[in-house]
$ cat query14.cif   # mmCIF, C-alpha atoms
data_model
#
loop_
_atom_site.label_atom_id
_atom_site.label_comp_id
_atom_site.auth_asym_id
_atom_site.auth_seq_id
_atom_site.Cartn_x
_atom_site.Cartn_y
_atom_site.Cartn_z
CA THR A 1 5.02 4.55 65.01
CA ILE A 2 6.75 6.04 61.94
CA GLU A 3 6.92 9.79 62.31
CA LYS A 4 8.95 10.38 59.14
CA ASN A 5 9.82 7.96 56.36
CA ALA A 6 13.46 7.66 55.40
CA THR A 7 14.31 8.61 51.81
CA CYS A 8 17.41 8.46 49.64
CA THR A 9 18.44 11.93 50.86
CA GLU A 10 17.06 12.21 54.41
CA GLU A 11 16.98 10.02 57.51
CA GLY A 12 13.69 8.85 58.98
CA PHE A 13 12.36 8.87 62.55
CA MET A 14 10.35 6.36 64.63
CA LYS A 15 9.23 6.43 68.27
CA GLN A 16 7.96 3.82 70.70
CA VAL A 17 4.81 4.77 72.64
CA CYS A 18 2.52 3.05 75.11
CA ILE A 19 -0.55 1.76 73.27
CA TYR A 20 -2.73 2.52 76.29
CA CYS A 21 -1.73 6.01 77.45
CA GLY A 22 0.42 7.29 74.57
CA VAL A 23 3.52 8.05 76.70
CA GLU A 24 6.69 8.11 74.59
CA ILE A 25 9.14 5.44 75.76
CA SER A 26 11.98 5.67 73.22
CA SER A 27 12.86 6.98 69.75
CA VAL A 28 15.16 5.91 66.95
CA VAL A 29 16.53 7.47 63.77
CA THR A 30 16.18 5.24 60.69
CA PRO A 31 19.03 5.42 58.16
CA LYS A 32 18.71 6.78 54.66
CA ARG A 33 17.41 4.35 52.09
CA PRO A 34 19.70 3.30 49.25
CA HIS A 35 19.05 4.72 45.79
CA VAL A 36 16.96 2.54 43.48
CA TRP A 37 18.55 3.12 40.08
CA ASP A 38 16.35 2.60 37.04
CA GLU A 39 18.78 0.40 35.12
CA ASP A 40 16.12 -0.65 32.60
CA HIS A 41 15.88 2.92 31.25
CA PRO A 42 19.42 4.30 30.89
CA VAL A 43 19.96 7.70 29.24
CA PHE A 44 22.70 7.24 26.63
CA ILE A 45 25.02 10.25 26.48
CA GLU A 46 27.37 9.02 23.73
CA LYS A 47 27.08 10.17 20.11
CA GLU A 48 26.05 6.75 18.77
CA PRO A 49 23.89 5.11 21.45
CA ASP A 50 23.62 1.32 21.35
CA CYS A 51 22.31 -0.73 24.28
CA THR A 52 23.91 -3.96 22.96
CA ARG A 53 27.45 -2.79 23.77
CA VAL A 54 29.08 -1.11 26.79
CA GLN A 55 28.58 2.66 26.70
CA THR A 56 28.53 5.64 29.05
CA VAL A 57 25.01 6.24 30.34
CA GLU A 58 23.16 8.14 33.04
CA TYR A 59 20.83 6.39 35.51
CA THR A 60 18.03 8.05 37.50
CA CYS A 61 16.93 7.09 41.00
CA MET A 62 13.25 6.08 40.88
CA ILE A 63 12.68 7.45 44.43
CA CYS A 64 14.39 10.83 44.63
CA GLY A 65 15.33 11.58 40.99
CA ALA A 66 19.09 11.72 41.66
CA LYS A 67 21.34 10.87 38.71
CA LYS A 68 24.60 8.96 38.36
CA THR A 69 26.91 8.24 35.46
CA GLY A 70 28.02 4.68 34.75
CA SER A 71 28.26 1.96 32.13
CA ASN A 72 25.16 0.25 30.80
CA LYS A 73 24.73 -3.44 31.19
CA ILE A 74 24.90 -5.19 27.80
CA TYR A 75 21.46 -6.26 26.55
CA LYS A 76 21.26 -9.18 24.15
CA ASN A 77 18.73 -7.41 21.95
CA HIS A 78 17.22 -3.98 21.42
CA ASP A 79 13.75 -3.41 22.89
CA TYR A 80 11.99 -1.95 19.85
CA VAL A 81 8.71 -0.01 20.18
CA TRP A 82 6.74 2.12 17.72
CA VAL A 83 7.60 5.85 17.96
CA GLU A 84 5.60 8.55 16.17
CA THR A 85 7.95 10.66 14.05
CA LEU A 86 5.34 12.55 12.03
CA ALA A 87 1.97 13.37 13.57
CA PRO A 88 -1.06 12.79 11.31
CA THR A 89 -3.10 15.81 10.28
CA CYS A 90 -6.70 16.17 9.17
CA THR A 91 -5.80 15.25 5.57
CA GLU A 92 -2.27 13.80 5.70
CA GLN A 93 -1.11 10.47 7.07
CA GLY A 94 1.43 10.34 9.89
CA LEU A 95 4.47 8.13 10.26
CA GLN A 96 5.88 5.91 12.98
CA VAL A 97 9.10 3.91 13.07
CA LYS A 98 10.45 1.21 15.33
CA GLN A 99 13.08 2.49 17.80
CA CYS A 100 14.74 0.93 20.82
CA LYS A 101 13.05 2.40 23.90
CA ARG A 102 16.36 2.23 25.79
CA CYS A 103 18.92 3.75 23.39
CA GLY A 104 16.67 5.19 20.65
CA LYS A 105 18.37 3.29 17.83
CA THR A 106 16.14 2.74 14.77
CA SER A 107 15.40 -0.84 13.72
CA PRO A 108 17.82 -1.95 10.97
CA ASN A 109 14.94 -3.68 9.16
CA GLY A 110 13.54 -0.26 8.24
CA GLU A 111 10.14 -0.97 9.79
CA ILE A 112 7.84 1.95 9.01
CA GLN A 113 4.08 2.30 9.47
CA LEU A 114 1.73 4.95 8.14
CA LEU A 115 -0.71 6.42 10.66
CA PRO A 116 -4.22 7.21 9.39
CA SER A 117 -5.24 10.83 8.99
CA LEU A 118 -7.64 12.41 11.48
CA GLY A 119 -10.55 11.86 9.13
CA GLY A 120 -10.66 15.14 7.23
CA HIS A 121 -11.28 18.73 8.23
CA THR A 122 -14.22 19.80 10.41
CA PRO A 123 -14.83 23.25 8.89
CA VAL A 124 -16.80 26.08 10.44
CA TRP A 125 -17.45 29.60 9.09
CA ILE A 126 -16.22 32.45 11.33
CA VAL A 127 -17.33 36.05 10.62
CA GLN A 128 -14.37 38.42 10.97
CA SER A 129 -16.22 41.62 10.02
CA GLU A 130 -19.87 42.45 9.40
CA PRO A 131 -20.97 44.23 6.16
CA ASN A 132 -22.03 47.90 6.27
CA ALA A 133 -23.50 50.41 3.83
CA SER A 134 -20.24 50.89 1.88
CA LEU A 135 -18.15 47.75 2.43
CA PRO A 136 -18.87 44.03 2.41
CA GLY A 137 -18.04 41.93 5.46
CA HIS A 138 -15.55 39.08 5.53
CA ARG A 139 -15.61 35.54 6.86
CA ILE A 140 -13.23 32.60 6.89
CA ASN A 141 -13.78 28.85 6.82
CA ARG A 142 -11.50 27.31 9.46
CA CYS A 143 -10.95 23.70 10.60
CA THR A 144 -11.79 23.31 14.31
CA LYS A 145 -9.12 20.60 14.71
CA CYS A 146 -6.01 21.99 12.97
CA GLN A 147 -7.07 25.65 12.63
CA THR A 148 -6.21 25.66 8.91
CA VAL A 149 -8.04 28.36 6.94
CA LEU A 150 -9.76 26.42 4.15
CA ALA A 151 -11.55 29.31 2.41
CA GLU A 152 -12.46 32.96 2.81
CA GLU A 153 -15.05 35.17 1.19
CA ASP A 154 -16.72 38.56 1.41
CA ILE A 155 -20.23 38.95 2.85
CA LEU A 156 -22.25 41.19 0.54
CA PHE A 157 -24.53 43.79 2.15
CA GLU A 158 -28.27 43.72 1.42
CA PRO A 159 -28.15 40.68 -0.89
CA GLY A 160 -31.95 40.38 -1.11
CA GLU A 161 -33.09 37.19 -2.80
CA HIS A 162 -29.95 36.80 -4.94
CA ARG A 163 -27.28 34.22 -4.14
CA TYR A 164 -24.05 35.94 -5.19
CA ASP A 165 -20.96 33.77 -5.70
CA MET A 166 -18.64 35.49 -3.23
CA SER A 167 -15.82 33.00 -3.89
CA ALA A 168 -15.43 34.07 -7.57
CA PRO A 169 -15.18 37.89 -7.81
CA ILE A 170 -14.67 39.56 -11.20
CA PHE A 171 -11.95 42.21 -10.73
CA LEU A 172 -12.72 45.47 -12.54
CA ASP A 173 -9.40 47.25 -11.87
CA GLU A 174 -6.75 47.31 -14.56
CA GLU A 175 -4.26 45.64 -12.25
CA PRO A 176 -6.24 43.09 -10.23
CA ASP A 177 -4.79 42.31 -6.81
CA CYS A 178 -6.77 40.40 -4.16
CA THR A 179 -4.45 41.68 -1.40
CA ALA A 180 -5.64 45.29 -1.89
CA LEU A 181 -9.05 46.97 -1.67
CA GLN A 182 -10.47 46.56 -5.19
CA GLU A 183 -13.65 47.16 -7.15
CA VAL A 184 -15.23 43.88 -8.19
CA GLU A 185 -18.45 42.35 -9.52
CA TYR A 186 -20.25 39.35 -8.04
CA VAL A 187 -22.55 37.12 -10.13
CA CYS A 188 -25.81 35.63 -8.88
CA LEU A 189 -25.69 31.83 -9.01
CA ASP A 190 -29.37 31.63 -9.93
CA CYS A 191 -30.07 34.37 -12.51
CA GLY A 192 -26.56 35.57 -13.52
CA GLU A 193 -27.17 39.21 -12.41
CA HIS A 194 -23.98 41.21 -11.81
CA ARG A 195 -23.54 43.45 -8.77
CA GLN A 196 -20.63 45.81 -8.21
CA SER A 197 -19.02 46.11 -4.80
CA LEU A 198 -15.69 46.54 -3.06
CA ARG A 199 -13.64 43.52 -2.05
CA LEU A 200 -11.75 43.60 1.24
CA PRO A 201 -8.05 42.73 0.92
CA SER A 202 -7.04 39.17 1.72
CA LYS A 203 -3.93 38.38 3.70
CA ALA A 204 -2.26 36.71 0.73
CA HIS A 205 -2.81 35.52 -2.81
CA ASP A 206 -4.14 31.99 -3.31
CA ASN A 207 -1.16 31.11 -5.47
CA VAL A 208 -0.74 28.05 -7.61
CA ARG A 209 2.61 27.35 -9.29
CA ILE A 210 1.90 26.88 -13.00
CA GLN A 211 3.88 26.48 -16.18
CA THR A 212 2.98 29.43 -18.40
CA LEU A 213 5.20 28.27 -21.28
CA ALA A 214 6.37 24.67 -21.58
CA PRO A 215 10.09 24.25 -22.41
CA THR A 216 11.10 22.08 -25.35
CA CYS A 217 14.32 20.31 -26.21
CA THR A 218 15.73 23.47 -27.83
CA GLU A 219 13.67 26.40 -26.43
CA ALA A 220 13.31 27.79 -22.89
CA GLY A 221 9.96 27.88 -21.05
CA GLU A 222 8.51 29.90 -18.18
CA GLU A 223 6.66 29.32 -14.88
CA ALA A 224 5.02 31.65 -12.35
CA ASP A 225 2.79 31.85 -9.28
CA ARG A 226 -0.77 32.64 -10.43
CA CYS A 227 -3.49 33.67 -7.95
CA SER A 228 -6.62 31.57 -8.46
CA LEU A 229 -8.80 34.58 -7.44
CA CYS A 230 -7.42 37.64 -9.19
CA GLY A 231 -5.14 35.96 -11.75
CA LYS A 232 -2.10 38.05 -10.81
CA GLU A 233 1.19 36.38 -11.74
CA THR A 234 4.27 36.77 -9.56
CA ASN A 235 7.69 35.16 -9.15
CA GLN A 236 8.17 34.52 -12.86
CA LYS A 237 11.06 32.17 -13.59
CA GLU A 238 12.61 30.99 -16.83
CA LEU A 239 12.79 27.25 -17.34
CA LYS A 240 15.87 25.97 -19.15
CA ALA A 241 15.51 24.14 -22.46
CA LEU A 242 15.29 20.44 -21.74
CA GLY A 243 17.86 19.33 -24.28
CA HIS A 244 17.52 16.19 -26.37
CA ARG A 245 17.34 12.89 -24.48
CA TYR A 246 18.54 10.27 -26.93
CA GLU A 247 18.25 6.54 -26.59
CA TRP A 248 18.95 3.69 -28.99
CA VAL A 249 15.76 2.00 -30.26
CA GLU A 250 15.92 -1.43 -31.86
CA THR A 251 14.39 -1.36 -35.34
CA VAL A 252 15.68 -4.74 -36.61
CA ALA A 253 16.30 -7.45 -34.02
CA ALA A 254 19.59 -9.33 -34.24
CA THR A 255 19.43 -13.13 -34.44
CA CYS A 256 21.95 -15.84 -33.69
CA THR A 257 23.39 -15.60 -37.21
CA GLU A 258 22.32 -12.19 -38.60
CA THR A 259 23.07 -8.60 -37.54
CA GLY A 260 20.38 -6.18 -36.35
CA GLU A 261 19.90 -2.41 -36.49
CA GLU A 262 19.29 0.39 -33.92
CA LEU A 263 18.12 3.98 -34.36
CA ARG A 264 19.17 6.89 -32.09
CA ARG A 265 15.98 8.87 -31.29
CA CYS A 266 15.02 11.66 -28.84
CA THR A 267 12.39 10.37 -26.40
CA ARG A 268 10.91 13.90 -26.00
CA CYS A 269 10.54 15.31 -29.51
CA GLY A 270 11.13 12.18 -31.62
CA ILE A 271 13.95 13.63 -33.75
CA GLU A 272 16.20 10.90 -35.24
CA ASP A 273 19.95 11.36 -35.04
CA ASP A 274 21.94 8.26 -36.05
CA THR A 275 21.76 4.54 -36.89
CA ARG A 276 24.07 1.62 -36.15
CA GLN A 277 24.32 -2.13 -36.69
CA THR A 278 24.24 -4.57 -33.79
CA LYS A 279 26.26 -7.76 -33.77
CA ALA A 280 24.73 -11.16 -34.38
CA LEU A 281 24.03 -12.77 -31.00
CA GLY A 282 25.62 -16.12 -31.72
CA HIS A 283 24.19 -19.43 -30.58
CA ALA A 284 23.77 -20.06 -26.85
CA PHE A 285 23.93 -23.85 -26.67
CA GLN A 286 22.95 -25.77 -23.56
CA TRP A 287 22.60 -29.49 -22.88
CA VAL A 288 18.87 -30.38 -22.50
CA THR A 289 17.71 -33.78 -21.25
CA THR A 290 15.44 -35.39 -23.86
CA ILE A 291 15.31 -38.91 -22.34
CA ALA A 292 15.77 -39.11 -18.57
CA PRO A 293 18.07 -41.93 -17.38
CA THR A 294 16.77 -44.53 -14.95
CA CYS A 295 18.52 -46.93 -12.60
CA SER A 296 18.65 -49.59 -15.29
CA ALA A 297 18.58 -47.66 -18.61
CA VAL A 298 20.72 -44.93 -20.16
CA GLY A 299 19.22 -41.53 -21.04
CA GLU A 300 19.90 -38.96 -23.72
CA GLU A 301 20.56 -35.23 -23.83
CA THR A 302 20.77 -32.81 -26.77
CA GLN A 303 22.80 -29.63 -27.23
CA ARG A 304 20.14 -26.96 -28.11
CA CYS A 305 20.36 -23.19 -28.69
CA LEU A 306 18.31 -21.32 -26.09
CA ARG A 307 17.55 -18.49 -28.55
CA CYS A 308 16.61 -20.10 -31.88
CA GLY A 309 16.10 -23.75 -30.83
CA ILE A 310 18.53 -25.27 -33.34
CA GLU A 311 19.98 -28.62 -32.18
CA ASN A 312 23.68 -29.34 -32.54
CA ARG A 313 24.48 -32.88 -31.27
CA THR A 314 23.31 -35.54 -28.83
CA ARG A 315 24.99 -37.77 -26.24
CA GLU A 316 24.14 -40.60 -23.90
CA VAL A 317 23.58 -40.07 -20.20
CA PRO A 318 24.74 -43.05 -18.09
CA ALA A 319 22.20 -45.00 -16.04
CA LEU A 320 21.87 -43.81 -12.48
CA SER A 321 22.22 -47.22 -10.74
CA HIS A 322 20.32 -47.92 -7.57
CA SER A 323 20.93 -45.79 -4.47
CA TYR A 324 19.38 -47.62 -1.53
CA LYS A 325 18.54 -45.97 1.76
CA TRP A 326 16.77 -47.18 4.89
CA VAL A 327 13.20 -45.84 4.86
CA VAL A 328 10.66 -46.29 7.66
CA THR A 329 7.67 -48.01 6.04
CA VAL A 330 5.76 -48.82 9.24
CA GLU A 331 5.90 -46.39 12.16
CA PRO A 332 6.25 -47.99 15.62
CA THR A 333 3.36 -47.47 18.06
CA CYS A 334 3.02 -47.74 21.83
CA VAL A 335 2.54 -51.54 21.69
CA ALA A 336 3.53 -52.55 18.13
CA GLN A 337 6.88 -52.73 16.34
CA GLY A 338 7.72 -50.58 13.33
CA LYS A 339 9.66 -51.52 10.18
CA GLU A 340 12.23 -49.94 7.85
CA GLU A 341 13.37 -51.24 4.47
CA LEU A 342 16.13 -50.56 1.93
CA ILE A 343 14.50 -48.58 -0.92
CA CYS A 344 16.13 -46.94 -3.95
CA GLU A 345 15.71 -43.16 -3.75
CA HIS A 346 15.61 -42.92 -7.58
CA CYS A 347 13.12 -45.60 -8.69
CA GLY A 348 11.60 -46.91 -5.43
CA ASP A 349 12.92 -50.46 -5.88
CA HIS A 350 13.00 -52.57 -2.70
CA ALA A 351 16.33 -54.28 -2.01
CA GLU A 352 16.43 -58.00 -1.22
CA ALA A 353 17.95 -57.30 2.22
CA ALA A 354 15.86 -58.30 5.23
CA PRO A 355 13.94 -55.39 6.79
CA HIS A 356 14.84 -53.91 10.18
CA PHE A 357 12.19 -54.02 12.88
CA LEU A 358 11.93 -50.98 15.15
CA PRO A 359 11.05 -51.50 18.82
CA ASP A 360 7.69 -50.26 20.09
CA LEU A 361 7.55 -47.01 22.07
CA GLY A 362 7.44 -48.73 25.44
CA GLY A 363 3.76 -49.14 26.11
CA HIS A 364 0.87 -46.74 26.63
CA ILE A 365 1.08 -43.66 28.88
CA PRO A 366 -2.32 -43.74 30.59
CA VAL A 367 -4.09 -40.55 31.64
CA GLN A 368 -7.41 -40.67 33.51
CA PHE A 369 -10.04 -37.94 33.34
CA VAL A 370 -13.79 -37.47 33.84
CA ALA A 371 -15.46 -37.04 30.46
CA ILE A 372 -19.02 -36.67 31.80
CA TYR A 373 -19.69 -35.64 35.38
CA PRO A 374 -22.59 -37.53 37.08
CA THR A 375 -25.69 -35.65 38.18
CA ASP A 376 -28.25 -36.52 40.84
CA THR A 377 -30.12 -38.74 38.38
CA GLU A 378 -27.73 -39.44 35.48
CA PRO A 379 -24.50 -41.52 35.58
CA GLY A 380 -21.12 -40.08 34.53
CA LEU A 381 -18.18 -41.44 32.55
CA MET A 382 -14.47 -41.73 33.42
CA ILE A 383 -12.03 -42.46 30.60
CA THR A 384 -8.45 -43.77 30.65
CA GLN A 385 -6.61 -42.69 27.48
CA CYS A 386 -3.03 -42.98 26.20
CA ARG A 387 -1.39 -39.56 26.20
CA ARG A 388 0.87 -40.51 23.28
CA CYS A 389 -1.38 -42.30 20.77
CA GLN A 390 -4.79 -41.12 22.09
CA GLU A 391 -6.12 -44.72 22.21
CA ILE A 392 -8.95 -45.18 24.78
CA LEU A 393 -7.80 -47.89 27.18
CA GLU A 394 -10.74 -48.08 29.61
CA LYS A 395 -14.21 -46.60 30.25
CA VAL A 396 -15.74 -46.58 33.74
CA ILE A 397 -19.39 -45.64 34.44
CA LEU A 398 -19.74 -43.33 37.45
CA PRO A 399 -22.98 -43.84 39.45
CA PRO A 400 -25.45 -40.94 39.93
CA LYS A 401 -24.93 -38.75 43.00
CA GLY A 402 -28.37 -39.50 44.40
CA ASN A 403 -30.37 -36.93 46.38
CA HIS A 404 -27.34 -35.66 48.37
#

$ encode --input "query14.cif" --output "structure tokens"
Amino acid sequence: TIEKNATCTEEGFMKQVCIYCGVEISSVVTPKRPHVWDEDHPVFIEKEPDCTRVQTVEYTCMICGAKKTGSNKIYKNHDYVWVETLAPTCTEQGLQVKQCKRCGKTSPNGEIQLLPSLGGHTPVWIVQSEPNASLPGHRINRCTKCQTVLAEEDILFEPGEHRYDMSAPIFLDEEPDCTALQEVEYVCLDCGEHRQSLRLPSKAHDNVRIQTLAPTCTEAGEEADRCSLCGKETNQKELKALGHRYEWVETVAATCTETGEELRRCTRCGIEDDTRQTKALGHAFQWVTTIAPTCSAVGEETQRCLRCGIENRTREVPALSHSYKWVVTVEPTCVAQGKEELICEHCGDHAEAAPHFLPDLGGHIPVQFVAIYPTDTEPGLMITQCRRCQEILEKVILPPKGNH
């Protein structure tokens, strides 16, 4: 009986006992087991890990967790798997790339996949403070999956039958600021009635970066953070003048024999700066086949300009002459010869040379199988068929099984 199993770090112990009375007869110490190193999952400790060349790695014993340093065995290829590098959120896609699961090297093919978003927010309203006689309450709209605060609004006390738009307060203070306690008015969505109240301070402005003054080619602009609730502008910044961005625009196209004209114009404001002439392009002649040569007749080609189509001169193209090659015209089968003939690869003419006959494939390769199994009352069918050409060589009727 095994009293204690041997491990990589400790010896084991067994004893021999009588199966009838249980008396111990002898005992023996079993030696430590050898480490079982996980060589398929080395930990690369060099700066540029690569499992396809010899490198210093660390192996872990799969039994006791001991570690040893050694050299990795050289793998012929990386073992690429998809690894998530950017987790998807409720509204944004994630990203995964292919990396070697042994050394972590990214695939050189740049394989990247987008992961679908989590399907949008699942919002729920949470009341942070209840309204009282002098102050409104406050609640936030938070996603239950990512905990993002999607919206927040005051809860007006004693609203009655009115539906006040708590998300669009009208700030009455001279310096509106949604991060401080301020006097505001709310408007009923149904009848337009105004009601004054106090607005609890939010944690931060709902800022949107906007361009308050667009820059031009010659004049500076301005941008700022503007709160969508109270309209307060912060972090004003001057935007540099863009400067002219000139490019040459073709106004008269040059031809093979005549010059053209270009105008230097700013692509932003349209101001024109300068003009210049462009050189004539010159003819771009190329030989074009007008009559294709055959094996027995000469052809013709013409020197033609690719731009304007003017033709310059013509010349003869010599006949091709026959170029015969052996072509299989009849494929050999299991029991019949094939044939190949000398045929011109240009015009298909058959040479007068005698054809070559190709030997058959050496006979059928029979394979026997039951196509229809017999039943107690109906006969079956056994077929012998050539494995190479699929020809059916023999059909044998199998008798019914009878009552047994």

$ residues_around --input "query14.cif" --residues "His322 in chain A" --least-positions-apart "6" --cutoff "10 Å" --atoms "only C-alpha atoms" --output "PDB file with C-alpha atoms, in the frame of the given file"
ATOM      1  CA  THR A 294      16.770 -44.530 -14.950  1.00  0.00           C
ATOM      2  CA  CYS A 295      18.520 -46.930 -12.600  1.00  0.00           C
ATOM      3  CA  SER A 296      18.650 -49.590 -15.290  1.00  0.00           C
ATOM      4  CA  ILE A 343      14.500 -48.580  -0.920  1.00  0.00           C
ATOM      5  CA  CYS A 344      16.130 -46.940  -3.950  1.00  0.00           C
ATOM      6  CA  GLU A 345      15.710 -43.160  -3.750  1.00  0.00           C
ATOM      7  CA  HIS A 346      15.610 -42.920  -7.580  1.00  0.00           C
ATOM      8  CA  CYS A 347      13.120 -45.600  -8.690  1.00  0.00           C
ATOM      9  CA  GLY A 348      11.600 -46.910  -5.430  1.00  0.00           C
ATOM     10  CA  ASP A 349      12.920 -50.460  -5.880  1.00  0.00           C
ATOM     11  CA  HIS A 350      13.000 -52.570  -2.700  1.00  0.00           C
ATOM     12  CA  ALA A 351      16.330 -54.280  -2.010  1.00  0.00           C
TER      13      ALA A 351
END

$ resolve_selection --input "query14.cif" --expression "the PyMOL selection byres ((chain A and resi 71-87) around 9)" --output "VMD selection string"
chain A and resid 39 42 44 50 to 59 69 to 70 88 to 89 92 to 107 112 to 113 115 117

$ closest_atom_pairs --input "query14.cif" --of "range 262-362 of chain A" --to "range 232-248 of chain A" --cutoff "10 Å" --atoms "only C-alpha atoms" --output "JSON lines"
{"residue": "A:Glu262", "atom": "CA", "partner": "A:Trp248", "partner_atom": "CA", "distance": 5.9}
{"residue": "A:Leu263", "atom": "CA", "partner": "A:Trp248", "partner_atom": "CA", "distance": 5.4}
{"residue": "A:Arg264", "atom": "CA", "partner": "A:Trp248", "partner_atom": "CA", "distance": 4.5}
{"residue": "A:Arg265", "atom": "CA", "partner": "A:Tyr246", "partner_atom": "CA", "distance": 5.2}
{"residue": "A:Cys266", "atom": "CA", "partner": "A:Tyr246", "partner_atom": "CA", "distance": 4.2}
{"residue": "A:Thr267", "atom": "CA", "partner": "A:Arg245", "partner_atom": "CA", "distance": 5.9}
{"residue": "A:Arg268", "atom": "CA", "partner": "A:Arg245", "partner_atom": "CA", "distance": 6.7}
{"residue": "A:Cys269", "atom": "CA", "partner": "A:His244", "partner_atom": "CA", "distance": 7.7}
{"residue": "A:Gly270", "atom": "CA", "partner": "A:Tyr246", "partner_atom": "CA", "distance": 9.0}
{"residue": "A:Ile271", "atom": "CA", "partner": "A:His244", "partner_atom": "CA", "distance": 8.6}
{"residue": "A:Glu272", "atom": "CA", "partner": "A:Tyr246", "partner_atom": "CA", "distance": 8.7}
{"residue": "A:Asp273", "atom": "CA", "partner": "A:Tyr246", "partner_atom": "CA", "distance": 8.3}
{"residue": "A:Asp274", "atom": "CA", "partner": "A:Trp248", "partner_atom": "CA", "distance": 8.9}
{"residue": "A:Thr275", "atom": "CA", "partner": "A:Trp248", "partner_atom": "CA", "distance": 8.4}
{"residue": "A:Arg276", "atom": "CA", "partner": "A:Trp248", "partner_atom": "CA", "distance": 9.0}

$ write_last_selection --input "query14.cif" --atoms "C-alpha atoms" --output "tab-separated table (two decimals), keeping the file's coordinate frame"
chain	number	residue	atom	x	y	z
A	262	GLU	CA	19.29	0.39	-33.92
A	263	LEU	CA	18.12	3.98	-34.36
A	264	ARG	CA	19.17	6.89	-32.09
A	265	ARG	CA	15.98	8.87	-31.29
A	266	CYS	CA	15.02	11.66	-28.84
A	267	THR	CA	12.39	10.37	-26.40
A	268	ARG	CA	10.91	13.90	-26.00
A	269	CYS	CA	10.54	15.31	-29.51
A	270	GLY	CA	11.13	12.18	-31.62
A	271	ILE	CA	13.95	13.63	-33.75
A	272	GLU	CA	16.20	10.90	-35.24
A	273	ASP	CA	19.95	11.36	-35.04
A	274	ASP	CA	21.94	8.26	-36.05
A	275	THR	CA	21.76	4.54	-36.89
A	276	ARG	CA	24.07	1.62	-36.15

$ resolve_selection --input "query14.cif" --expression "the PyMOL selection byres ((chain A and resi 1-17) around 8)" --output "ChimeraX atom specification"
/A:18-19,22-35,63-64

$ closest_residue --input "query14.cif" --among "A:Asn109, A:Thr302, A:Ser167, A:Gln337" --to "Leu361 in chain A" --atoms "only C-alpha atoms"
A:Gln337

$ atom_distance --input "query14.cif" --atom1 "CA of His121 in chain A" --atom2 "CA of Arg139 in chain A"
17.4 Å

$ axis_aligned_box --input "query14.cif" --around "range 34-53 of chain A" --padding-each-side "4 Å" --output "lines of an AutoDock Vina configuration file"
center_x = 21.7
center_y = 3.1
center_z = 34.0
size_x = 19.6
size_y = 22.2
size_z = 38.5

$ resolve_selection --input "query14.cif" --expression "the PyMOL selection byres ((chain A and resi 258) around 12)" --output "ChimeraX atom specification"
/A:252-257,259-261,277-283,308

$ closest_residue --input "query14.cif" --among "A:Leu150, A:Ala284, A:Cys230, A:Ala224" --to "Cys305 in chain A" --atoms "only C-alpha atoms"
A:Ala284

$ residues_around --input "query14.cif" --residues "Glu185 in chain A" --least-positions-apart "6" --cutoff "10 Å" --atoms "only C-alpha atoms" --output "list of chain:residue names"
A:Tyr164, A:Asp165, A:Met166, A:Ala168, A:Pro169, A:Ile170, A:Phe171, A:Leu172, A:Glu193, A:His194, A:Arg195, A:Gln196, A:Ser197, A:Leu198, A:Arg199

$ atom_distance --input "query14.cif" --atom1 "CA of Val298 in chain A" --atom2 "CA of Glu352 in chain A"
23.4 Å

$ closest_residue --input "query14.cif" --among "A:Pro359, A:Pro215, A:Pro293, A:Pro366" --to "Val335 in chain A" --atoms "all atoms listed in the file"
A:Pro359

$ atom_distance --input "query14.cif" --atom1 "CA of Arg315 in chain A" --atom2 "CA of Gly299 in chain A"
8.6 Å

$ residues_around --input "query14.cif" --residues "range 382-389 of chain A" --least-positions-apart "4" --cutoff "8 Å" --atoms "all atoms listed in the file" --output "PyMOL selection string"
chain A and resi 333-334+364-372+393-398

$ closest_residue --input "query14.cif" --among "A:Pro116, A:Gly192, A:Pro201, A:Gly221" --to "Ala180 in chain A" --atoms "only C-alpha atoms"
A:Pro201
